[in-house]
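Asks: Structure file query09.txt (compact mmCIF, C-alpha atoms) right here:
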```
# COMPACT_ATOMS: atom_id res chain seq x y z
CA MET A 1 36.35 21.77 11.00
CA ASN A 2 38.62 22.25 8.00
CA ALA A 3 37.17 25.71 7.29
CA LYS A 4 37.67 26.93 10.87
CA GLU A 5 41.41 26.21 10.60
CA PHE A 6 41.60 29.04 8.01
CA ALA A 7 39.50 31.54 10.01
CA ASP A 8 42.46 33.88 10.54
CA LYS A 9 43.76 33.81 6.97
CA PHE A 10 40.46 33.71 5.02
CA PRO A 11 37.73 34.97 7.41
CA LYS A 12 35.24 35.88 4.67
CA ALA A 13 35.72 32.57 2.89
CA VAL A 14 35.13 30.71 6.14
CA GLU A 15 31.97 32.77 6.73
CA SER A 16 30.77 31.80 3.24
CA ILE A 17 31.47 28.11 3.87
CA LEU A 18 29.65 28.14 7.20
CA ASN A 19 26.64 30.17 6.13
CA HIS A 20 26.25 29.71 2.37
CA HIS A 21 26.65 25.98 1.91
CA TYR A 22 23.70 23.65 1.46
CA MET A 23 24.96 20.10 1.80
CA ASP A 24 27.75 20.06 -0.82
CA ASP A 25 26.51 23.10 -2.80
CA PHE A 26 27.84 26.65 -2.45
CA LEU A 27 25.43 29.49 -3.26
CA GLN A 28 26.16 33.20 -2.77
CA SER A 29 25.72 36.51 -4.58
CA PHE A 30 28.10 39.48 -4.75
CA ASP A 31 27.84 43.11 -5.77
CA ASP A 32 30.76 43.02 -8.21
CA GLU A 33 32.90 40.57 -10.19
CA THR A 34 36.14 41.29 -8.35
CA GLU A 35 34.65 40.34 -5.00
CA ALA A 36 32.98 37.26 -6.52
CA VAL A 37 36.27 36.03 -8.03
CA LYS A 38 38.23 36.59 -4.85
CA ARG A 39 35.72 34.86 -2.58
CA SER A 40 35.16 31.93 -4.94
CA LEU A 41 38.89 31.24 -5.26
CA GLU A 42 39.33 31.42 -1.49
CA VAL A 43 36.44 29.03 -0.88
CA LYS A 44 37.80 26.68 -3.53
CA PHE A 45 41.26 26.76 -1.95
CA VAL A 46 40.01 26.12 1.61
CA HIS A 47 38.02 23.11 0.45
CA SER A 48 40.93 21.77 -1.56
CA GLN A 49 43.04 21.59 1.59
CA ALA A 50 40.70 18.87 2.84
CA GLY A 51 40.53 17.08 -0.50
CA PHE A 52 37.18 18.56 -1.55
CA ASP A 53 37.06 19.70 -5.17
CA ILE A 54 34.25 22.13 -6.04
CA HIS A 55 33.19 21.90 -9.69
CA SER A 56 30.24 22.62 -12.02
CA TRP A 57 30.31 26.33 -11.22
CA SER A 58 27.55 28.60 -12.49
CA SER A 59 27.61 32.39 -12.72
CA ASN A 60 26.23 35.16 -14.89
CA SER A 61 29.81 36.43 -15.25
CA ASN A 62 32.26 34.84 -17.70
CA ARG A 63 35.12 36.38 -15.78
CA VAL A 64 34.14 34.51 -12.62
CA LEU A 65 33.74 31.23 -14.50
CA GLU A 66 37.12 31.58 -16.14
CA ALA A 67 38.74 32.36 -12.80
CA VAL A 68 37.39 29.19 -11.14
CA GLY A 69 38.23 27.04 -14.15
CA GLU A 70 34.73 26.27 -15.42
CA THR A 71 35.19 24.50 -18.75
CA ASP A 72 31.58 24.59 -19.95
CA PRO A 73 30.03 27.93 -18.90
CA SER A 74 27.20 27.59 -21.42
CA ALA A 75 25.72 24.50 -19.75
CA VAL A 76 22.23 24.91 -18.29
CA LYS A 77 22.31 24.34 -14.52
CA SER A 78 19.41 22.51 -12.91
CA PHE A 79 18.30 23.24 -9.35
CA ASP A 80 15.94 20.29 -8.96
CA VAL A 81 16.22 17.10 -6.98
CA CYS A 82 17.37 14.92 -9.87
CA ASP A 83 20.88 13.53 -10.17
CA PRO A 84 23.08 16.38 -11.51
CA ASN A 85 24.66 13.94 -13.97
CA VAL A 86 21.31 13.31 -15.65
CA SER A 87 20.83 15.34 -18.82
CA ARG A 88 17.94 17.77 -19.03
CA SER A 89 16.27 15.67 -21.70
CA GLU A 90 16.08 12.78 -19.25
CA ILE A 91 14.35 14.76 -16.50
CA LYS A 92 10.71 13.78 -16.78
CA ARG A 93 9.17 13.57 -13.33
CA VAL A 94 10.13 16.85 -11.71
CA LEU A 95 9.12 20.41 -12.41
CA GLY A 96 12.70 21.65 -12.19
CA ILE A 97 14.12 25.11 -11.58
CA PHE A 98 16.76 26.14 -14.09
CA SER A 99 19.18 29.03 -14.23
CA LEU A 100 19.43 30.90 -17.53
CA ARG A 101 22.96 32.25 -17.32
CA GLU A 102 22.82 34.81 -20.11
CA GLU A 103 19.48 36.21 -18.95
CA ASP A 104 20.54 35.95 -15.31
CA ALA A 105 17.12 34.57 -14.45
CA PHE A 106 15.41 31.46 -13.16
CA THR A 107 12.83 29.56 -15.16
CA TYR A 108 10.92 26.31 -14.86
CA SER A 109 10.82 23.10 -16.81
CA SER A 110 7.45 21.40 -17.08
CA ASN A 111 8.71 18.23 -18.72
CA LEU A 112 6.67 15.77 -16.68
CA GLY A 113 6.34 13.17 -19.41
CA HIS A 114 2.93 11.96 -20.50
CA ILE A 115 0.07 13.85 -18.82
CA PRO A 116 -3.20 11.91 -19.20
CA HIS A 117 -6.33 13.77 -20.25
CA TRP A 118 -8.56 11.74 -17.92
CA PRO A 119 -6.26 10.45 -15.19
CA THR A 120 -6.66 8.01 -12.35
CA LYS A 121 -6.21 9.04 -8.75
CA ARG A 122 -2.68 7.57 -8.82
CA GLU A 123 -1.69 9.57 -11.92
CA VAL A 124 -2.95 12.85 -10.46
CA PHE A 125 -1.04 12.26 -7.23
CA ARG A 126 2.13 11.35 -9.14
CA ILE A 127 2.15 14.55 -11.17
CA VAL A 128 1.12 16.97 -8.43
CA MET A 129 3.59 15.58 -5.91
CA SER A 130 6.40 15.76 -8.48
CA LEU A 131 6.29 19.57 -8.64
CA TYR A 132 9.44 21.07 -7.10
CA ASP A 133 9.13 24.67 -5.95
CA PRO A 134 11.17 25.15 -2.74
CA LEU A 135 10.67 28.93 -2.46
CA GLY A 136 7.00 28.75 -3.30
CA LEU A 137 7.37 31.14 -6.24
CA LEU A 138 4.67 29.18 -8.06
CA SER A 139 2.46 28.65 -5.03
CA HIS A 140 -0.48 30.35 -6.73
CA PHE A 141 -0.27 27.64 -9.42
CA VAL A 142 0.79 24.54 -7.47
CA ILE A 143 -1.83 24.98 -4.74
CA HIS A 144 -4.69 24.40 -7.18
CA GLY A 145 -3.23 21.00 -8.06
CA LYS A 146 -3.04 20.18 -4.35
CA ILE A 147 -6.65 21.29 -3.86
CA LEU A 148 -7.60 18.90 -6.64
CA VAL A 149 -5.73 16.09 -4.87
CA HIS A 150 -7.60 17.00 -1.70
CA ASP A 151 -10.98 16.73 -3.43
CA ILE A 152 -10.08 13.47 -5.17
CA TRP A 153 -9.14 12.00 -1.81
CA ARG A 154 -12.51 13.00 -0.38
CA SER A 155 -14.27 11.32 -3.31
CA GLN A 156 -12.92 7.98 -2.00
CA LYS A 157 -11.89 6.80 -5.46
CA SER A 158 -9.57 3.80 -5.62
CA TRP A 159 -5.98 4.43 -6.77
CA ASP A 160 -6.44 3.14 -10.31
CA GLU A 161 -9.97 4.39 -10.85
CA PRO A 162 -10.47 7.40 -13.18
CA ILE A 163 -11.51 10.59 -11.42
CA SER A 164 -15.07 11.88 -11.72
CA GLU A 165 -16.20 14.10 -14.58
CA ASP A 166 -16.39 17.33 -12.58
CA LEU A 167 -12.86 16.76 -11.24
CA GLN A 168 -11.64 15.91 -14.74
CA ILE A 169 -12.87 19.32 -15.97
CA ARG A 170 -10.85 21.05 -13.25
CA TRP A 171 -7.85 18.83 -14.04
CA THR A 172 -7.99 19.89 -17.70
CA GLN A 173 -8.15 23.55 -16.71
CA TRP A 174 -5.11 23.18 -14.46
CA ILE A 175 -2.84 21.21 -16.81
CA SER A 176 -3.69 23.61 -19.65
CA LEU A 177 -1.46 26.14 -17.86
CA PHE A 178 1.63 23.90 -17.92
CA PRO A 179 2.96 25.18 -21.28
CA MET A 180 3.10 28.70 -19.82
CA LEU A 181 5.60 27.71 -17.13
CA LYS A 182 8.55 27.65 -19.52
CA ASP A 183 7.97 31.34 -20.34
CA ILE A 184 8.30 32.49 -16.74
CA ARG A 185 11.42 34.52 -15.99
CA ILE A 186 12.30 35.33 -12.38
CA PRO A 187 15.35 37.61 -11.97
CA ARG A 188 18.11 36.03 -9.93
CA SER A 189 19.14 39.47 -8.70
CA TYR A 190 16.25 41.26 -7.06
CA PHE A 191 17.10 44.65 -8.51
CA GLY A 192 19.29 43.95 -11.51
CA GLU A 193 22.62 45.73 -11.73
CA TYR A 194 22.10 47.80 -8.59
CA ALA A 195 24.50 47.06 -5.73
CA THR A 196 23.26 46.52 -2.19
CA HIS A 197 24.52 49.89 -0.98
CA GLN A 198 22.44 51.66 -3.65
CA LEU A 199 19.16 50.38 -2.23
CA GLN A 200 17.25 52.76 0.01
CA SER A 201 14.32 52.23 2.36
CA VAL A 202 14.31 48.44 1.98
CA GLN A 203 11.05 47.00 3.28
CA LEU A 204 9.52 43.53 3.62
CA HIS A 205 5.82 43.24 2.81
CA VAL A 206 4.00 39.99 3.59
CA PHE A 207 0.44 39.35 2.37
CA VAL A 208 -1.74 36.65 3.92
CA ASP A 209 -5.13 35.34 2.84
CA ALA A 210 -7.44 32.36 3.16
CA SER A 211 -10.52 30.81 1.61
CA GLU A 212 -12.51 27.69 2.41
CA LEU A 213 -10.11 25.80 0.10
CA ALA A 214 -6.64 27.05 1.06
CA TYR A 215 -4.57 29.63 2.93
CA ALA A 216 -1.38 31.34 1.77
CA CYS A 217 1.22 34.05 2.22
CA ALA A 218 3.45 35.92 -0.24
CA SER A 219 6.49 38.04 0.70
CA PHE A 220 7.91 40.96 -1.28
CA ILE A 221 10.99 43.13 -0.98
CA ARG A 222 10.25 46.80 -1.70
CA ALA A 223 13.12 49.24 -2.18
CA GLU A 224 13.83 52.65 -3.61
CA VAL A 225 16.55 52.79 -6.27
CA ASP A 226 17.55 56.17 -7.72
CA GLY A 227 14.17 57.58 -6.76
CA VAL A 228 12.23 54.69 -8.35
CA ILE A 229 10.23 52.16 -6.31
CA LYS A 230 10.86 48.50 -7.14
CA CYS A 231 9.18 45.37 -5.74
CA ILE A 232 9.79 41.69 -6.26
CA LEU A 233 8.50 38.39 -4.87
CA VAL A 234 11.06 36.65 -2.65
CA ALA A 235 9.08 33.72 -1.26
CA ALA A 236 5.56 32.38 -0.84
CA LYS A 237 3.78 29.48 0.79
CA SER A 238 0.36 27.93 0.40
CA LYS A 239 -1.47 25.11 2.15
CA VAL A 240 -4.70 23.27 1.49
CA ALA A 241 -7.41 23.76 4.12
CA PRO A 242 -7.66 20.72 6.44
CA LEU A 243 -10.26 18.02 5.90
CA LYS A 244 -11.89 19.04 9.16
CA THR A 245 -13.89 22.15 8.36
CA LEU A 246 -12.63 25.41 9.87
CA SER A 247 -14.33 28.79 9.77
CA ILE A 248 -12.91 31.40 7.40
CA PRO A 249 -11.63 33.59 10.29
CA ARG A 250 -9.71 30.62 11.68
CA LEU A 251 -8.22 29.87 8.27
CA GLU A 252 -7.26 33.54 7.97
CA LEU A 253 -5.53 33.15 11.33
CA GLN A 254 -3.65 30.12 10.00
CA ALA A 255 -2.53 32.25 7.06
CA ALA A 256 -1.30 34.91 9.48
CA VAL A 257 0.75 32.26 11.31
CA ILE A 258 2.60 31.08 8.20
CA GLY A 259 3.01 34.72 7.14
CA SER A 260 4.69 35.61 10.45
CA ARG A 261 6.94 32.57 10.16
CA GLN A 262 7.95 33.47 6.62
CA SER A 263 8.66 37.09 7.58
CA LYS A 264 10.98 35.90 10.33
CA SER A 265 12.74 33.53 7.94
CA ALA A 266 13.11 36.22 5.27
CA ILE A 267 14.75 38.65 7.68
CA GLU A 268 17.11 36.03 9.07
CA THR A 269 18.23 34.69 5.67
CA HIS A 270 18.64 37.98 3.80
CA PHE A 271 21.70 40.15 4.12
CA LEU A 272 19.79 43.19 2.92
CA LYS A 273 19.22 45.69 5.72
CA ILE A 274 15.44 45.60 5.97
CA SER A 275 14.36 48.83 7.64
CA ARG A 276 10.69 48.01 8.01
CA ARG A 277 8.31 45.03 7.95
CA ILE A 278 4.59 45.15 7.22
CA LEU A 279 2.17 42.23 7.20
CA TRP A 280 -1.10 42.69 5.31
CA THR A 281 -4.39 40.87 5.81
CA ASP A 282 -7.93 41.53 4.60
CA SER A 283 -9.41 39.93 7.72
CA ARG A 284 -10.54 42.46 10.31
CA THR A 285 -11.20 39.55 12.67
CA VAL A 286 -7.53 38.56 12.67
CA LEU A 287 -6.50 42.17 13.25
CA ALA A 288 -8.94 42.38 16.17
CA TRP A 289 -7.50 39.19 17.66
CA ILE A 290 -3.92 40.45 17.28
CA ASN A 291 -4.81 43.76 18.93
CA SER A 292 -6.63 42.10 21.85
CA ASP A 293 -5.60 40.09 24.87
CA SER A 294 -5.23 36.59 23.43
CA ARG A 295 -5.88 34.99 26.82
CA LYS A 296 -9.59 35.76 26.61
CA TYR A 297 -10.01 33.58 23.52
CA ASN A 298 -10.20 29.81 23.23
CA GLN A 299 -7.05 27.71 22.91
CA PHE A 300 -7.05 27.50 19.11
CA VAL A 301 -7.00 31.28 18.74
CA SER A 302 -4.86 32.16 21.75
CA CYS A 303 -2.02 29.76 20.88
CA ARG A 304 -1.77 31.06 17.32
CA ILE A 305 -1.97 34.70 18.34
CA GLY A 306 0.76 33.98 20.88
CA GLU A 307 3.02 32.60 18.16
CA ILE A 308 2.31 35.54 15.85
CA LEU A 309 3.22 38.05 18.59
CA GLU A 310 6.44 36.19 19.37
CA THR A 311 7.84 37.00 15.92
CA THR A 312 5.98 40.20 14.95
CA ASP A 313 4.74 43.37 16.62
CA VAL A 314 1.12 44.51 16.71
CA PHE A 315 1.86 47.74 14.84
CA GLU A 316 3.35 45.78 11.91
CA TRP A 317 -0.05 44.33 10.98
CA LYS A 318 -2.15 46.32 8.48
CA TRP A 319 -5.42 45.89 6.67
CA ALA A 320 -5.73 45.71 2.86
CA PRO A 321 -8.90 45.08 0.82
CA SER A 322 -9.21 41.68 -0.84
CA LYS A 323 -8.81 43.11 -4.33
CA LEU A 324 -5.35 44.43 -3.38
CA ASN A 325 -4.26 41.34 -1.44
CA VAL A 326 -1.82 39.43 -3.67
CA ALA A 327 -2.11 36.24 -1.59
CA ASP A 328 -5.71 36.07 -2.79
CA GLU A 329 -4.40 34.64 -6.09
CA ALA A 330 -3.27 31.49 -4.31
CA THR A 331 -6.52 30.90 -2.42
CA LYS A 332 -9.13 31.47 -5.13
CA TRP A 333 -9.20 30.12 -8.67
CA THR A 334 -11.41 32.71 -10.44
CA THR A 335 -10.06 32.71 -14.03
CA GLY A 336 -6.87 30.88 -13.05
CA PRO A 337 -3.49 32.16 -11.79
CA ASP A 338 -1.64 34.78 -13.83
CA LEU A 339 1.68 33.15 -14.79
CA SER A 340 3.12 36.08 -16.74
CA SER A 341 6.40 37.47 -15.41
CA THR A 342 4.84 40.94 -15.23
CA SER A 343 1.90 39.87 -13.03
CA ARG A 344 1.34 41.33 -9.58
CA TRP A 345 2.15 37.91 -8.09
CA PHE A 346 5.80 38.32 -9.08
CA ASN A 347 6.01 42.13 -8.78
CA GLY A 348 3.70 43.06 -5.93
CA PRO A 349 0.42 45.02 -5.86
CA SER A 350 0.18 48.40 -7.54
CA PHE A 351 -0.19 50.38 -4.31
CA LEU A 352 3.32 49.44 -3.16
CA TYR A 353 4.66 51.56 -6.04
CA GLU A 354 2.89 54.62 -4.64
CA PRO A 355 3.75 56.91 -1.69
CA GLU A 356 2.77 55.53 1.68
CA ASP A 357 -0.01 58.06 2.18
CA ARG A 358 -1.86 56.33 -0.67
CA TRP A 359 -1.67 52.87 0.87
CA PRO A 360 -4.86 51.18 2.16
CA THR A 361 -6.03 52.11 5.65
CA GLN A 362 -8.39 50.41 8.05
CA GLN A 363 -10.65 53.44 8.15
CA ALA A 364 -12.94 52.01 5.45
CA GLU A 365 -16.38 51.26 6.77
CA CYS A 366 -17.41 47.66 7.30
CA THR A 367 -20.41 47.15 5.06
CA GLY A 368 -22.00 44.15 3.45
CA THR A 369 -23.80 41.00 4.50
CA LYS A 370 -24.56 39.85 8.01
CA GLU A 371 -21.66 37.40 7.79
CA ARG A 372 -19.32 40.24 6.88
CA HIS A 373 -20.46 42.25 9.92
CA ARG A 374 -19.77 39.23 12.12
CA GLU A 375 -16.26 38.98 10.69
CA CYS A 376 -15.60 42.61 11.64
CA SER A 377 -16.60 42.00 15.25
CA SER A 378 -13.69 41.76 17.66
CA HIS A 379 -15.76 39.37 19.78
CA TYR A 380 -16.18 36.77 17.07
CA ARG A 381 -14.35 33.56 18.04
```
Output the file's structure as C-alpha cells, nothing else.
Replies:
Amino acid sequence: MNAKEFADKFPKAVESILNHHYMDDFLQSFDDETEAVKRSLEVKFVHSQAGFDIHSWSSNSNRVLEAVGETDPSAVKSFDVCDPNVSRSEIKRVLGIFSLREEDAFTYSSNLGHIPHWPTKREVFRIVMSLYDPLGLLSHFVIHGKILVHDIWRSQKSWDEPISEDLQIRWTQWISLFPMLKDIRIPRSYFGEYATHQLQSVQLHVFVDASELAYACASFIRAEVDGVIKCILVAAKSKVAPLKTLSIPRLELQAAVIGSRQSKSAIETHFLKISRRILWTDSRTVLAWINSDSRKYNQFVSCRIGEILETTDVFEWKWAPSKLNVADEATKWTTGPDLSSTSRWFNGPSFLYEPEDRWPTQQAECTGTKERHRECSSHYR
C-alpha cells in the first residue's frame, strides 16, 4: 500500500517494489550503473516513508554501493536459508549459495560439517535434505543424493542403522564430489557486460529426459551477441522416479510436463524478449503422443498431454538424440556429473552453438532393439 501511494512520482520504483521483492529482500539487475543507482535510491526512499530501512546491499558495482550507503561492500553475501546475522563460518548444515562480488558470480559452500564415511539412514537423510539449490543449477548433482535416499528407504533400514555395503559404495562416490562444489562459478549476468538491447535472437531451449531412476529438465537461454552465439543454464529441475514402477515412456512424459512448466515460468519471470522457445526430448513416444489426439489415450497420458499443450505448442517440441540431451546428465550416473563451470550442463550442448540447419532432426531412422522399436510406435501406451 505504501508503494502505490508513490506510483505517480516514482513509477519505476513502485514497479520494482511490486515485482522484484521476495519477502523483505529486493533483487533486480540493470544494464548500467546510472540506472541502478537511481532505481535503488528511489526504492530506498519509498520504503523509508513507511519506516522500512533497507540495508546489507550487495552489488558488483562500488558506485552503487557507495550511493546506497553500504559500509562493508567487501562482505560475502549468503543466499541460503540461514539467519543473515550468522557468520559464514557458523553455517554448517546448508549447502549455501554465495555471491562473489568481485567476480560477479555465484558459487556454493559445501560446509555441511562432519560427513560420515559409513552413515546411518538418519545421517544420509540429514545431509541430502540440507542441500539448498532453489534454481536447480546443481540438479544433476543433488538428484543422485535423492536417488540414494530413495533406495535406502526401500531397503527398510531403521533410522539409526548403518546403510548396506552396496549403498555405502555409492554414498562414497557421491560425497567425493563435494570438494568440487566450491570451485563452481556461475555468472550472475547471463552474458557479461552486454546490455539487454545488444542481445539478438534470444531463444529458450528446454531439455527433458528420464530414466528408471529419475526424470529432469534443464533450461538454457541462447542469444547472439556481436555475431557470436552464447548459451547459459538458467534453471533446472529433477525428481526421483516414484516408488510405484512406471514405464520409461511414462517417465519421459513426466519429464515433458515439468519441462513445459519450467518453460512457462522462465518466460514469465524473465524480462528478456524471448523470440522463440524449443523443447527437446529424445523420446519419440512422447513426441507421438504430443502430435496425436490425446483423447484416444488412457487417463494418465491424456491428462499430462493436455497440460503440456496448455502451455506449449506442438511445433515447439523437437527430437534430440540421447547423447546430445543435456538433461541426461541428471538422470543417469555413468561416471558422475561434470561439475566444472565449462561443462555442457552449465553452457548447453555443442549443437546450440551451430547454425540451426545443423541441429538434430527427427529424420534419423529408428533402429535398435525390439524395445526401442516399441518406443518409436505412436500406438504404444
Asks: Using Å and a single decimal, report how far atom CA of Gly348 of chain A sits from atom CA of Ala236 of chain A.
Replies: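 Pair atom CA of Ala236 of chain A / atom CA of Gly348 of chain A returns 12.0 Å.
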Asks: When distances are computed from all atoms listed in the file, which of A:Pro119, A:Pro187, A:Pro134, A:Gly192 shows the smallest separation from Glu161 of chain A?
Replies: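 Among the listed residues, A:Pro119 lies closest to Glu161 of chain A.
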Asks: With distances taken over all atoms listed in the file, which residue among A:Ser139, A:Thr196, A:Asn62, A:Ser275 lies nearest Val225 of chain A?
Replies: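 The closest residue to Val225 of chain A is A:Thr196.
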Asks: Just give me the residues with any atom within 9 Å of (21.9, 43.1, 1.7), file coordinates, counting all atoms listed in the file, written as a compact mmCIF listing (two decimals) with C-alpha atoms, in the coordinates of the input.
Replies:
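selection24.txt written:
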```
# COMPACT_ATOMS: atom_id res chain seq x y z
CA ALA A 195 24.50 47.06 -5.73
CA THR A 196 23.26 46.52 -2.19
CA HIS A 197 24.52 49.89 -0.98
CA LEU A 199 19.16 50.38 -2.23
CA HIS A 270 18.64 37.98 3.80
CA PHE A 271 21.70 40.15 4.12
CA LEU A 272 19.79 43.19 2.92
CA LYS A 273 19.22 45.69 5.72
CA ILE A 274 15.44 45.60 5.97
```
Asks: Which is closest to Ile267 of chain A among A:Phe220, A:Leu181, A:Ile305, A:Trp289, if we use only C-alpha atoms?
Replies: A:Phe220
Asks: Hey, what's within 9 Å of Arg122 of chain A if we count all atoms listed in the file and toss same-chain stuff fewer than 5 positions away? As a PyMOL selection string, please?
Replies: chain A and resi 127+158-162
Asks: Write the residues of the selection above to a file with C-alpha atoms, as a CSV table (one decimal), in the coordinates of the input.
Replies:
```csv
chain,number,residue,atom,x,y,z
A,127,ILE,CA,2.2,14.6,-11.2
A,158,SER,CA,-9.6,3.8,-5.6
A,159,TRP,CA,-6.0,4.4,-6.8
A,160,ASP,CA,-6.4,3.1,-10.3
A,161,GLU,CA,-10.0,4.4,-10.8
A,162,PRO,CA,-10.5,7.4,-13.2
```
Asks: In Å, how far is it from atom CA of Ser260 of chain A to atom CA of Asp133 of chain A?
Replies: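 Rounded to one decimal, the two atoms are 20.2 Å apart.
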Asks: Between A:Trp153, A:Tyr215, A:Trp57, A:Phe52, which has the minimum distance to Glu252 of chain A (counting all atoms listed in the file)?
Replies: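 Closest to Glu252 of chain A, using all atoms listed in the file: A:Tyr215.
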Asks: Pick the closest to Ile229 of chain A from A:Gln200, A:Gln49, A:Thr335, A:Ser99: which is it, counting only C-alpha atoms?
Replies: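 When distances to Ile229 of chain A are compared using only C-alpha atoms, the smallest one comes from A:Gln200.
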Asks: Would you kindly return, as a PyMOL selection string, each protein, DNA or RNA residue with an atom no farther than 8 Å from any atom of segment 33-40 of chain A, considering all atoms listed in the file and excluding same-chain residues fewer than 4 positions away?
Replies: chain A and resi 12-13+29+44+61+63-64+67-68
Asks: Residues of segment 176-221 of chain A that approach segment 101-108 of chain A to 9 Å or less, counting all atoms listed in the file: could you list each one with the shortest pair of atoms and its distance in Å to one decimal, rows by chain and increasing residue number, as a Markdown table?
Replies:
```
| residue | atom | partner | partner_atom | distance |
| --- | --- | --- | --- | --- |
| A:Leu181 | CA | A:Tyr108 | CA | 6.0 |
| A:Lys182 | CA | A:Tyr108 | CA | 5.4 |
| A:Asp183 | CA | A:Thr107 | CA | 7.3 |
| A:Ile184 | CA | A:Thr107 | CA | 5.6 |
| A:Arg185 | CA | A:Thr107 | CA | 5.2 |
| A:Ile186 | CA | A:Phe106 | CA | 5.0 |
| A:Pro187 | CA | A:Ala105 | CA | 4.3 |
| A:Arg188 | CA | A:Ala105 | CA | 4.9 |
| A:Ser189 | CA | A:Asp104 | CA | 7.6 |
| A:Gly192 | CA | A:Asp104 | CA | 8.9 |
```
Asks: What separation in Å, quoted to one decimal, exists between atom CA of Ala235 of chain A and atom CA of Ala266 of chain A?
Replies: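 It comes out at 8.1 Å.
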Asks: Which residues, written as a PyMOL selection string, have at least one atom at most 7 Å from segment 165-173 of chain A, with only C-alpha atoms counted and residues fewer than 2 positions away on the same chain left out?
Replies: chain A and resi 117-118+163+175-176
Asks: Give me, as a list in words, all polymer residues having an atom no more than 12 Å from Thr245 of chain A, counting all atoms listed in the file and skipping those fewer than 5 positions away in the same chain.
Replies: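 The residues satisfying every condition are Ser211, Glu212, Leu213, Ala214, Val240, Arg250 and Leu251 of chain A.
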Asks: Find, counting only C-alpha atoms, the residue in A:Gln299, A:Ser350, A:Ser265, A:Asn325 that gets nearest to Ser283 of chain A.
Replies: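 Under the stated criterion, the closest residue is A:Asn325.
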Asks: Show me, as a ChimeraX atom specification, the residues that have an atom within 12 Å of Ala50 of chain A when counting only C-alpha atoms, minus same-chain residues fewer than 6 positions from it.
Replies: /A:1-6,43-44
Asks: N, CA, C and O atoms are what I want for segment 43-54 of chain A; can you complete it accordingly and write them as a PDB file, in the frame of the given file?
Replies:
```
ATOM      1  N   VAL A  43      37.266  30.177  -1.289  1.00  0.00           N
ATOM      2  CA  VAL A  43      36.440  29.030  -0.880  1.00  0.00           C
ATOM      3  C   VAL A  43      36.957  27.750  -1.529  1.00  0.00           C
ATOM      4  O   VAL A  43      37.064  26.700  -0.876  1.00  0.00           O
ATOM      5  N   LYS A  44      37.280  27.842  -2.805  1.00  0.00           N
ATOM      6  CA  LYS A  44      37.800  26.680  -3.530  1.00  0.00           C
ATOM      7  C   LYS A  44      39.107  26.196  -2.913  1.00  0.00           C
ATOM      8  O   LYS A  44      39.323  24.988  -2.758  1.00  0.00           O
ATOM      9  N   PHE A  45      39.974  27.140  -2.536  1.00  0.00           N
ATOM     10  CA  PHE A  45      41.260  26.760  -1.950  1.00  0.00           C
ATOM     11  C   PHE A  45      41.070  26.100  -0.587  1.00  0.00           C
ATOM     12  O   PHE A  45      41.678  25.059  -0.301  1.00  0.00           O
ATOM     13  N   VAL A  46      40.230  26.680   0.273  1.00  0.00           N
ATOM     14  CA  VAL A  46      40.010  26.120   1.610  1.00  0.00           C
ATOM     15  C   VAL A  46      39.491  24.691   1.511  1.00  0.00           C
ATOM     16  O   VAL A  46      39.951  23.791   2.217  1.00  0.00           O
ATOM     17  N   HIS A  47      38.556  24.458   0.616  1.00  0.00           N
ATOM     18  CA  HIS A  47      38.020  23.110   0.450  1.00  0.00           C
ATOM     19  C   HIS A  47      39.075  22.138  -0.076  1.00  0.00           C
ATOM     20  O   HIS A  47      39.112  20.967   0.318  1.00  0.00           O
ATOM     21  N   SER A  48      39.911  22.647  -0.966  1.00  0.00           N
ATOM     22  CA  SER A  48      40.930  21.770  -1.560  1.00  0.00           C
ATOM     23  C   SER A  48      41.909  21.252  -0.529  1.00  0.00           C
ATOM     24  O   SER A  48      42.493  20.169  -0.700  1.00  0.00           O
ATOM     25  N   GLN A  49      42.100  22.011   0.552  1.00  0.00           N
ATOM     26  CA  GLN A  49      43.040  21.590   1.590  1.00  0.00           C
ATOM     27  C   GLN A  49      42.551  20.357   2.346  1.00  0.00           C
ATOM     28  O   GLN A  49      43.327  19.690   3.037  1.00  0.00           O
ATOM     29  N   ALA A  50      41.258  20.070   2.206  1.00  0.00           N
ATOM     30  CA  ALA A  50      40.700  18.870   2.840  1.00  0.00           C
ATOM     31  C   ALA A  50      40.349  17.815   1.798  1.00  0.00           C
ATOM     32  O   ALA A  50      39.695  16.814   2.116  1.00  0.00           O
ATOM     33  N   GLY A  51      40.776  18.047   0.556  1.00  0.00           N
ATOM     34  CA  GLY A  51      40.530  17.080  -0.500  1.00  0.00           C
ATOM     35  C   GLY A  51      39.171  17.196  -1.163  1.00  0.00           C
ATOM     36  O   GLY A  51      38.737  16.295  -1.886  1.00  0.00           O
ATOM     37  N   PHE A  52      38.484  18.337  -0.935  1.00  0.00           N
ATOM     38  CA  PHE A  52      37.180  18.560  -1.550  1.00  0.00           C
ATOM     39  C   PHE A  52      37.344  19.448  -2.787  1.00  0.00           C
ATOM     40  O   PHE A  52      37.870  20.561  -2.687  1.00  0.00           O
ATOM     41  N   ASP A  53      36.923  18.951  -3.923  1.00  0.00           N
ATOM     42  CA  ASP A  53      37.060  19.700  -5.170  1.00  0.00           C
ATOM     43  C   ASP A  53      35.694  20.215  -5.621  1.00  0.00           C
ATOM     44  O   ASP A  53      34.809  19.438  -5.969  1.00  0.00           O
ATOM     45  N   ILE A  54      35.512  21.536  -5.591  1.00  0.00           N
ATOM     46  CA  ILE A  54      34.250  22.130  -6.040  1.00  0.00           C
ATOM     47  C   ILE A  54      34.297  22.273  -7.555  1.00  0.00           C
ATOM     48  O   ILE A  54      35.247  22.827  -8.114  1.00  0.00           O
TER      49      ILE A  54
END
```
